[in-house]
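File shown: model31.cif (mmCIF, C-alpha atoms).
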```
data_upload
loop_
_atom_site.label_atom_id
_atom_site.label_comp_id
_atom_site.auth_asym_id
_atom_site.auth_seq_id
_atom_site.Cartn_x
_atom_site.Cartn_y
_atom_site.Cartn_z
CA MET A 1 17.79 0.01 -17.46
CA LYS A 2 14.57 1.26 -19.02
CA PHE A 3 11.89 2.25 -16.52
CA THR A 4 8.55 3.99 -16.12
CA LYS A 5 7.79 6.32 -13.24
CA MET A 6 4.17 5.90 -12.09
CA GLN A 7 2.08 7.12 -9.18
CA GLY A 8 -1.14 6.22 -7.45
CA ILE A 9 -2.40 9.35 -5.65
CA GLY A 10 1.19 10.39 -4.96
CA ASN A 11 2.57 6.99 -3.92
CA ASP A 12 5.28 6.90 -6.60
CA TYR A 13 7.43 3.99 -7.70
CA VAL A 14 9.84 3.18 -10.48
CA TYR A 15 8.43 0.30 -12.57
CA VAL A 16 10.60 -2.05 -14.60
CA ASN A 17 9.23 -4.45 -17.21
CA CYS A 18 11.09 -7.67 -16.45
CA PHE A 19 9.67 -9.31 -19.55
CA GLU A 20 12.29 -7.18 -21.31
CA GLU A 21 14.78 -6.13 -18.59
CA THR A 22 16.89 -8.01 -16.04
CA VAL A 23 17.44 -6.33 -12.68
CA GLU A 24 20.34 -7.73 -10.67
CA ASN A 25 20.40 -6.90 -6.95
CA PRO A 26 17.02 -5.12 -6.88
CA GLU A 27 17.53 -4.27 -3.20
CA LYS A 28 20.48 -2.03 -4.03
CA VAL A 29 18.87 -0.72 -7.20
CA SER A 30 15.84 0.37 -5.18
CA GLU A 31 18.05 2.36 -2.80
CA ILE A 32 19.81 4.08 -5.70
CA ILE A 33 16.79 5.01 -7.80
CA SER A 34 14.61 6.03 -4.83
CA ASP A 35 16.93 8.82 -3.74
CA ARG A 36 15.13 12.08 -4.53
CA ARG A 37 18.34 14.09 -4.95
CA PHE A 38 20.81 11.67 -6.50
CA GLY A 39 18.46 9.13 -8.12
CA ILE A 40 15.15 9.16 -9.97
CA GLY A 41 13.16 9.79 -6.81
CA SER A 42 10.47 7.35 -5.63
CA ASP A 43 9.03 5.39 -2.73
CA GLY A 44 10.71 2.29 -4.13
CA LEU A 45 11.11 -0.13 -7.03
CA VAL A 46 8.45 -2.38 -8.61
CA LEU A 47 9.30 -5.29 -10.92
CA ILE A 48 6.63 -6.53 -13.36
CA MET A 49 7.41 -10.18 -14.00
CA PRO A 50 6.04 -13.37 -15.58
CA SER A 51 4.03 -15.66 -13.32
CA ASP A 52 3.10 -19.34 -13.47
CA LYS A 53 0.17 -18.70 -11.09
CA ALA A 54 -1.44 -15.54 -12.46
CA ASP A 55 -1.38 -13.20 -15.46
CA PHE A 56 1.55 -11.22 -13.99
CA ARG A 57 3.76 -11.13 -10.92
CA MET A 58 4.85 -8.15 -8.82
CA ARG A 59 7.91 -7.77 -6.62
CA ILE A 60 8.22 -4.51 -4.71
CA PHE A 61 11.15 -3.00 -2.83
CA ASN A 62 11.04 -0.12 -0.38
CA ALA A 63 13.31 2.92 -0.55
CA ASP A 64 15.64 1.32 2.01
CA GLY A 65 16.03 -1.81 -0.14
CA SER A 66 13.83 -4.09 1.95
CA GLU A 67 11.31 -6.20 0.04
CA ALA A 68 7.66 -5.47 0.74
CA MET A 69 4.83 -7.98 0.73
CA MET A 70 2.18 -5.85 -0.98
CA CYS A 71 1.26 -2.36 -2.14
CA GLY A 72 -2.26 -1.43 -3.13
CA ASN A 73 -1.26 1.64 -5.13
CA ALA A 74 1.37 -0.35 -7.02
CA THR A 75 -1.14 -3.04 -7.97
CA ARG A 76 -3.32 -0.39 -9.62
CA CYS A 77 -0.34 1.07 -11.49
CA ILE A 78 0.64 -2.38 -12.75
CA GLY A 79 -2.89 -2.84 -14.06
CA LYS A 80 -2.54 0.39 -16.02
CA TYR A 81 0.98 -0.48 -17.22
CA VAL A 82 0.19 -3.91 -18.64
CA TYR A 83 -2.99 -2.72 -20.38
CA ASP A 84 -1.65 0.57 -21.74
CA ASN A 85 1.48 -1.19 -23.05
CA LYS A 86 -0.63 -3.90 -24.71
CA MET A 87 0.79 -6.71 -22.58
CA THR A 88 -2.84 -7.79 -22.15
CA ASP A 89 -6.17 -6.89 -23.68
CA LYS A 90 -8.13 -8.14 -20.66
CA THR A 91 -9.87 -5.73 -18.30
CA GLU A 92 -9.86 -8.29 -15.49
CA VAL A 93 -6.32 -9.29 -14.54
CA SER A 94 -4.78 -11.51 -11.85
CA LEU A 95 -1.56 -10.42 -10.15
CA GLU A 96 0.74 -12.62 -8.06
CA THR A 97 2.19 -10.82 -5.04
CA ASN A 98 4.17 -11.94 -2.00
CA SER A 99 0.89 -11.94 -0.07
CA GLY A 100 -1.13 -13.95 -2.57
CA ILE A 101 -2.95 -13.36 -5.84
CA LYS A 102 -4.90 -10.12 -6.22
CA TYR A 103 -7.63 -9.55 -8.79
CA LEU A 104 -7.83 -6.27 -10.70
CA LYS A 105 -10.66 -4.73 -12.69
CA LEU A 106 -9.47 -2.09 -15.16
CA PHE A 107 -11.54 0.89 -16.29
CA ALA A 108 -10.18 2.36 -19.54
CA SER A 109 -11.02 5.39 -21.67
CA ASN A 110 -9.65 5.89 -25.20
CA GLY A 111 -7.39 2.87 -24.78
CA LEU A 112 -5.79 4.00 -21.51
CA VAL A 113 -6.61 2.86 -17.98
CA GLU A 114 -7.64 5.64 -15.62
CA THR A 115 -9.08 3.77 -12.63
CA VAL A 116 -8.50 0.31 -11.15
CA GLU A 117 -10.49 -1.67 -8.62
CA VAL A 118 -8.57 -4.28 -6.65
CA ASP A 119 -9.99 -7.18 -4.66
CA MET A 120 -7.49 -7.02 -1.79
CA GLY A 121 -8.69 -10.26 -0.20
CA GLU A 122 -9.68 -10.72 3.41
CA ALA A 123 -8.43 -8.52 6.22
CA ILE A 124 -6.36 -10.50 8.73
CA LEU A 125 -7.12 -9.68 12.36
CA LYS A 126 -5.43 -12.40 14.41
CA PRO A 127 -2.31 -10.90 16.03
CA ALA A 128 -0.14 -13.98 15.42
CA ASP A 129 -0.86 -13.74 11.69
CA ILE A 130 -0.29 -9.97 11.33
CA PRO A 131 2.36 -10.70 12.82
CA MET A 132 2.23 -9.26 16.31
CA THR A 133 3.70 -10.64 19.54
CA MET A 134 0.34 -10.67 21.32
CA ASP A 135 -2.16 -13.41 22.09
CA GLY A 136 -5.86 -13.46 21.27
CA GLU A 137 -8.09 -13.43 18.21
CA THR A 138 -7.99 -9.66 17.61
CA PHE A 139 -6.23 -6.49 18.78
CA ILE A 140 -8.88 -3.78 18.44
CA ASN A 141 -8.70 -0.32 20.02
CA LYS A 142 -6.29 -1.42 22.76
CA PRO A 143 -3.80 0.82 24.58
CA VAL A 144 -0.10 0.54 23.76
CA ASP A 145 2.84 2.51 25.16
CA VAL A 146 4.84 4.10 22.35
CA GLY A 147 7.68 6.38 23.36
CA GLY A 148 6.23 6.87 26.83
CA LYS A 149 2.76 7.87 25.58
CA MET A 150 -0.35 5.69 25.44
CA TYR A 151 -2.10 5.20 22.10
CA ASN A 152 -5.15 3.07 21.35
CA ILE A 153 -4.32 1.00 18.28
CA THR A 154 -6.11 -1.47 16.05
CA ALA A 155 -3.93 -4.04 14.30
CA VAL A 156 -4.82 -5.29 10.81
CA SER A 157 -2.93 -7.11 8.08
CA MET A 158 -3.73 -6.59 4.42
CA GLY A 159 -0.90 -8.91 3.42
CA ASN A 160 1.41 -6.56 5.31
CA PRO A 161 1.12 -5.37 8.93
CA HIS A 162 -0.66 -2.15 9.93
CA CYS A 163 -1.59 -0.42 13.16
CA VAL A 164 -4.28 2.25 13.04
CA ILE A 165 -4.69 5.11 15.52
CA PHE A 166 -7.84 7.25 15.55
CA THR A 167 -7.10 10.81 16.60
CA SER A 168 -7.82 14.44 15.77
CA GLY A 169 -5.59 16.99 14.06
CA VAL A 170 -3.68 14.52 11.87
CA ASP A 171 -2.12 17.38 9.88
CA GLY A 172 -0.23 18.52 12.97
CA ILE A 173 1.27 15.15 13.91
CA ASN A 174 5.08 14.99 13.78
CA LEU A 175 5.40 11.72 11.86
CA GLU A 176 9.15 12.09 11.43
CA LYS A 177 9.49 11.81 15.19
CA ILE A 178 6.88 9.24 16.19
CA GLY A 179 6.68 7.20 12.98
CA PRO A 180 9.94 5.29 13.57
CA MET A 181 8.88 4.50 17.16
CA PHE A 182 5.75 2.78 15.87
CA GLU A 183 7.56 1.14 12.94
CA ASN A 184 10.11 -0.53 15.23
CA HIS A 185 7.84 -1.27 18.20
CA LYS A 186 8.57 -4.53 20.02
CA TYR A 187 5.01 -5.79 19.42
CA PHE A 188 5.68 -5.97 15.64
CA PRO A 189 8.59 -8.34 14.88
CA GLU A 190 8.54 -7.52 11.14
CA ARG A 191 8.05 -3.78 11.73
CA VAL A 192 4.71 -2.13 10.95
CA ASN A 193 3.03 0.49 8.78
CA THR A 194 1.23 3.07 10.91
CA GLU A 195 -1.89 5.06 10.01
CA PHE A 196 -3.10 8.12 11.91
CA CYS A 197 -6.76 8.65 11.09
CA GLU A 198 -9.25 11.42 11.70
CA VAL A 199 -12.94 10.50 11.35
CA ILE A 200 -14.79 13.13 9.28
CA ASP A 201 -18.12 11.27 9.18
CA ASP A 202 -19.39 7.70 8.87
CA HIS A 203 -18.33 7.53 5.19
CA THR A 204 -15.20 9.72 5.21
CA LEU A 205 -11.79 9.31 6.86
CA LYS A 206 -8.65 11.47 6.67
CA MET A 207 -5.36 9.63 7.01
CA ARG A 208 -1.60 10.05 7.11
CA VAL A 209 0.72 7.08 6.93
CA TRP A 210 4.23 6.13 8.02
CA GLU A 211 5.38 3.15 5.95
CA ARG A 212 8.01 0.73 7.16
CA GLY A 213 11.13 1.11 5.05
CA SER A 214 9.97 4.30 3.31
CA GLY A 215 8.86 6.82 5.95
CA GLU A 216 5.86 9.06 5.33
CA THR A 217 4.36 8.56 1.89
CA TRP A 218 1.60 10.53 0.19
CA ALA A 219 -0.58 7.44 -0.02
CA CYS A 220 -0.75 3.79 0.96
CA GLY A 221 -3.40 1.55 -0.57
CA THR A 222 -3.09 -1.28 1.94
CA GLY A 223 -3.00 1.35 4.70
CA ALA A 224 -6.25 2.89 3.46
CA CYS A 225 -7.81 -0.58 3.43
CA ALA A 226 -6.56 -1.34 6.95
CA THR A 227 -7.85 2.03 8.17
CA ALA A 228 -11.31 1.44 6.70
CA VAL A 229 -11.42 -2.01 8.32
CA ALA A 230 -10.35 -0.54 11.66
CA ALA A 231 -13.00 2.20 11.35
CA VAL A 232 -15.69 -0.46 10.92
CA LEU A 233 -14.36 -2.56 13.80
CA CYS A 234 -14.27 0.49 16.08
CA GLY A 235 -17.80 1.53 15.15
CA TYR A 236 -17.06 4.66 13.11
CA CYS A 237 -18.18 3.24 9.74
CA LYS A 238 -20.28 0.34 8.43
CA ARG A 239 -19.55 -2.84 6.52
CA ASP A 240 -20.56 -3.14 2.89
CA GLU A 241 -20.71 0.64 2.48
CA GLU A 242 -18.14 2.63 0.49
CA ILE A 243 -15.75 4.68 2.61
CA THR A 244 -13.74 7.56 1.17
CA VAL A 245 -10.22 7.67 2.61
CA ARG A 246 -8.53 11.02 2.08
CA LEU A 247 -4.73 10.79 1.87
CA ARG A 248 -2.15 13.48 1.18
CA GLY A 249 -2.07 12.53 -2.51
CA GLY A 250 -5.80 12.05 -3.09
CA ASP A 251 -8.77 9.84 -2.30
CA LEU A 252 -9.37 6.10 -2.35
CA ALA A 253 -12.74 4.35 -2.18
CA ILE A 254 -12.70 1.35 0.19
CA THR A 255 -15.47 -1.15 0.97
CA TYR A 256 -15.16 -3.70 3.79
CA LYS A 257 -17.48 -6.45 2.58
CA ASN A 258 -19.66 -8.60 4.81
CA ASP A 259 -17.65 -11.68 3.79
CA GLY A 260 -14.42 -10.07 5.09
CA ARG A 261 -12.99 -9.06 1.71
CA VAL A 262 -11.77 -5.52 1.13
CA MET A 263 -12.29 -3.73 -2.18
CA MET A 264 -10.15 -0.75 -3.16
CA ARG A 265 -10.81 1.61 -6.08
CA GLY A 266 -8.66 4.52 -7.19
CA PRO A 267 -6.65 6.16 -9.98
CA ALA A 268 -3.31 5.19 -11.50
CA ALA A 269 -1.12 7.51 -13.58
CA LYS A 270 2.04 7.41 -15.64
CA VAL A 271 4.55 10.18 -14.91
CA PHE A 272 7.30 9.54 -17.48
CA ASP A 273 9.46 6.94 -19.21
CA GLY A 274 13.25 6.95 -18.99
CA ASP A 275 16.45 4.97 -18.76
CA ILE A 276 19.23 5.02 -16.20
CA ASP A 277 22.83 3.74 -16.29
CA LEU A 278 23.39 1.77 -13.09
#
```
With the file now loaded, output its structure as structure tokens.
Amino acid sequence: MKFTKMQGIGNDYVYVNCFEETVENPEKVSEIISDRRFGIGSDGLVLIMPSDKADFRMRIFNADGSEAMMCGNATRCIGKYVYDNKMTDKTEVSLETNSGIKYLKLFASNGLVETVEVDMGEAILKPADIPMTMDGETFINKPVDVGGKMYNITAVSMGNPHCVIFTSGVDGINLEKIGPMFENHKYFPERVNTEFCEVIDDHTLKMRVWERGSGETWACGTGACATAVAAVLCGYCKRDEEITVRLRGGDLAITYKNDGRVMMRGPAAKVFDGDIDL
């Protein structure tokens, strides 16, 4: 199987061009290739596929083999892949995902894409649609018992479920211990991605993320979007103003628009090409 390793601010996946390759049992393949000692090493597997609804289609699998709904960093990398490999000459591309069609704007230099802006669609705030086993129209800055300790969380879906906690000293948080407790909390029937965020100022946030099915990753595009939305809802930042979200792997620029849409802008990079005998 031929593949390309790519990363978006440290959120790394193995990408396979399914216009040319066939991947049987992608769930198992993702487990094999994601292993950082015995495989290629990645946060998961991304398939670039034909679509009858958009220019391209994405399927994404976590390191544990579970299929994800969306990944903001992966959408940017796909934009770079299809343009750099001359699968399209357009700088505005539509991408079918399991959480709807996303629209990408590609910024190229010397024939190669360096930065991608993604219209991530509207943030979903209703608990039933996140999904979350709670009633009401929103779940904003409310206390929840996790492992015997109370945390105020804000729940947001960006096509996949997130809960955001605003706190100080994010670098010192033991995510390996508390991450799984959030991920598998009874309030989130499909598990949840969890963001721990420190507010630097009204335009800057610092974030670490525990992703369902993958553990702590260096970046999460949908998580950065959810965190920016939560920061606006909790009064730390403002709508329609660009917010810099600092993640372990780098920065993303997020804008929560007045119409409810979320725009994400950030880099995408190729690491290497290869092939693996499965």
Inset, instruction - List, as a list in words, every residue that the PyMOL selection byres ((chain A and resi 162-174) around 7) selects in the file provided. - result: Asn152, Ile153, Thr154, Ala155, Val156, Ser157, Asn160, Pro161, Leu175, Glu176, Lys177, Ile178, Val192, Asn193, Thr194, Glu195, Phe196, Cys197, Glu198, Arg208, Gly223, Ala226, Thr227 and Ala230 of chain A
Legend entry - Residue with smallest distance to Gly65 (chain A) - pool A:Gly8, A:Gly221, A:Pro180, A:Gly213, counting all atoms listed in the file: A:Gly213
Inset, instruction - Pull out every residue that the PyMOL selection byres ((chain A and resi 124) around 8) matches in the shown coordinates and put them as an MDAnalysis selection string. - result: chainID A and resid 122:123 125:126 129:130 156:159
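When all atoms listed in the file are used to measure the gap to Leu247 (chain A), the shortest distance among A:Glu216, A:Glu190, A:Asp273, A:Glu137 belongs to A:Glu216.
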Legend entry - Selection under test: the PyMOL selection byres ((chain A and resi 11) around 9); residues as a list in words: Met6, Gln7, Gly8, Ile9, Gly10, Asp12, Tyr13, Ser42, Asp43, Asn73, Ala74, Thr217, Trp218, Ala219, Cys220, Gly221 and Gly249 of chain A
Inset, instruction - In the coordinates of the file, take the point (-19.2, -3.8, -1.6) and a cut-off of 6 Å; then, counting all atoms listed in the file, name each qualifying protein, DNA or RNA residue as a PyMOL selection string. - result: chain A and resi 240+255+257
For the contact check between region 108-196 of chain A and region 83-98 of chain A, emit one row per residue of region 108-196 of chain A within 12 Å, containing the shortest atom pair and the distance in Å rounded to one decimal, counting only C-alpha atoms, chain then rising number order, as a tab-separated table.
```
residue	atom	partner	partner_atom	distance
A:Ala108	CA	A:Thr91	CA	8.2
A:Ser109	CA	A:Asp84	CA	10.5
A:Asn110	CA	A:Asp84	CA	10.2
A:Gly111	CA	A:Asp84	CA	6.9
A:Leu112	CA	A:Asp84	CA	5.4
A:Val113	CA	A:Asp84	CA	6.6
A:Glu114	CA	A:Asp84	CA	10.0
A:Thr115	CA	A:Thr91	CA	11.1
A:Val116	CA	A:Thr91	CA	9.5
A:Glu117	CA	A:Glu92	CA	9.6
A:Val118	CA	A:Val93	CA	9.6
A:Asp119	CA	A:Ser94	CA	9.9
A:Met120	CA	A:Leu95	CA	10.8
A:Gly121	CA	A:Thr97	CA	11.9
A:Met158	CA	A:Asn98	CA	11.5
A:Gly159	CA	A:Asn98	CA	8.0
A:Asn160	CA	A:Asn98	CA	9.5
```
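Atom pair CA of Thr75 (chain A) / CA of Met49 (chain A) has a distance of 12.7 Å (rounded to one decimal).
Take the candidates A:Leu205, A:Gly72, A:Phe107, A:Pro131 and check each one against Val262 (chain A) using only C-alpha atoms; the shortest distance goes to A:Gly72.
Going from CA of Met1 (chain A) over to CA of Met58 (chain A), you cover 17.6 Å.
The closest residue to Arg59 (chain A), picked from A:Glu27, A:Asp35, A:Asp277, A:Asp201 and counting only C-alpha atoms, is A:Glu27.
The shortest atom-to-atom distance to Pro189 (chain A), with all atoms listed in the file taken into account, belongs to A:Pro127 out of A:Pro267, A:Gly235, A:Gly148, A:Pro127.
Here CA of Ile60 (chain A) stands at a distance of 15.0 Å from CA of Tyr81 (chain A).
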Inset, instruction - Between A:Val146, A:Ala68, A:Leu47, A:Cys77, single out the one closest to Arg265 (chain A), counting all atoms listed in the file. - result: A:Cys77
Generate the coordinates of N, CA, C and O atoms for region 188-206 of chain A; report them as a short mmCIF file (atom, residue, chain, number, x, y, z; two decimals), in the coordinates of the input.
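Saved to selection00.cif:
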```cif
data_model
loop_
_atom_site.label_atom_id
_atom_site.label_comp_id
_atom_site.auth_asym_id
_atom_site.auth_seq_id
_atom_site.Cartn_x
_atom_site.Cartn_y
_atom_site.Cartn_z
N PHE A 188 5.75 -5.64 17.07
CA PHE A 188 5.68 -5.97 15.64
C PHE A 188 7.05 -6.47 15.17
O PHE A 188 7.91 -5.67 14.81
N PRO A 189 7.26 -7.78 15.17
CA PRO A 189 8.59 -8.34 14.88
C PRO A 189 9.06 -8.08 13.45
O PRO A 189 10.28 -8.14 13.20
N GLU A 190 8.15 -7.80 12.52
CA GLU A 190 8.54 -7.52 11.14
C GLU A 190 8.35 -6.04 10.80
O GLU A 190 8.20 -5.67 9.64
N ARG A 191 8.34 -5.20 11.85
CA ARG A 191 8.05 -3.78 11.73
C ARG A 191 6.59 -3.59 11.30
O ARG A 191 5.88 -4.56 11.03
N VAL A 192 6.13 -2.35 11.24
CA VAL A 192 4.71 -2.13 10.95
C VAL A 192 4.51 -0.80 10.24
O VAL A 192 5.28 0.16 10.44
N ASN A 193 3.50 -0.76 9.38
CA ASN A 193 3.03 0.49 8.78
C ASN A 193 2.02 1.11 9.75
O ASN A 193 1.19 0.40 10.32
N THR A 194 2.07 2.42 9.90
CA THR A 194 1.23 3.07 10.91
C THR A 194 0.38 4.15 10.27
O THR A 194 0.89 5.02 9.56
N GLU A 195 -0.93 4.09 10.54
CA GLU A 195 -1.89 5.06 10.01
C GLU A 195 -2.49 5.89 11.13
O GLU A 195 -2.98 5.33 12.13
N PHE A 196 -2.46 7.20 10.97
CA PHE A 196 -3.10 8.12 11.91
C PHE A 196 -4.33 8.66 11.20
O PHE A 196 -4.23 9.29 10.14
N CYS A 197 -5.50 8.41 11.78
CA CYS A 197 -6.76 8.65 11.09
C CYS A 197 -7.67 9.58 11.87
O CYS A 197 -7.85 9.42 13.08
N GLU A 198 -8.26 10.52 11.15
CA GLU A 198 -9.25 11.42 11.70
C GLU A 198 -10.60 11.10 11.06
O GLU A 198 -10.71 11.05 9.82
N VAL A 199 -11.61 10.83 11.86
CA VAL A 199 -12.94 10.50 11.35
C VAL A 199 -13.68 11.79 11.01
O VAL A 199 -13.92 12.62 11.89
N ILE A 200 -14.03 11.95 9.73
CA ILE A 200 -14.79 13.13 9.28
C ILE A 200 -16.29 12.87 9.46
O ILE A 200 -17.01 13.68 10.03
N ASP A 201 -16.75 11.73 8.95
CA ASP A 201 -18.12 11.27 9.18
C ASP A 201 -18.14 9.77 8.95
O ASP A 201 -17.08 9.16 8.77
N ASP A 202 -19.34 9.15 8.93
CA ASP A 202 -19.39 7.70 8.87
C ASP A 202 -19.09 7.12 7.49
O ASP A 202 -19.13 5.90 7.30
N HIS A 203 -18.76 8.00 6.51
CA HIS A 203 -18.33 7.53 5.19
C HIS A 203 -17.03 8.19 4.74
O HIS A 203 -16.61 7.98 3.60
N THR A 204 -16.38 8.96 5.61
CA THR A 204 -15.20 9.72 5.21
C THR A 204 -14.14 9.71 6.31
O THR A 204 -14.43 10.04 7.46
N LEU A 205 -12.91 9.34 5.93
CA LEU A 205 -11.79 9.31 6.86
C LEU A 205 -10.63 10.11 6.25
O LEU A 205 -10.45 10.13 5.04
N LYS A 206 -9.86 10.76 7.11
CA LYS A 206 -8.65 11.47 6.67
C LYS A 206 -7.45 10.80 7.32
O LYS A 206 -7.45 10.55 8.53
#
```
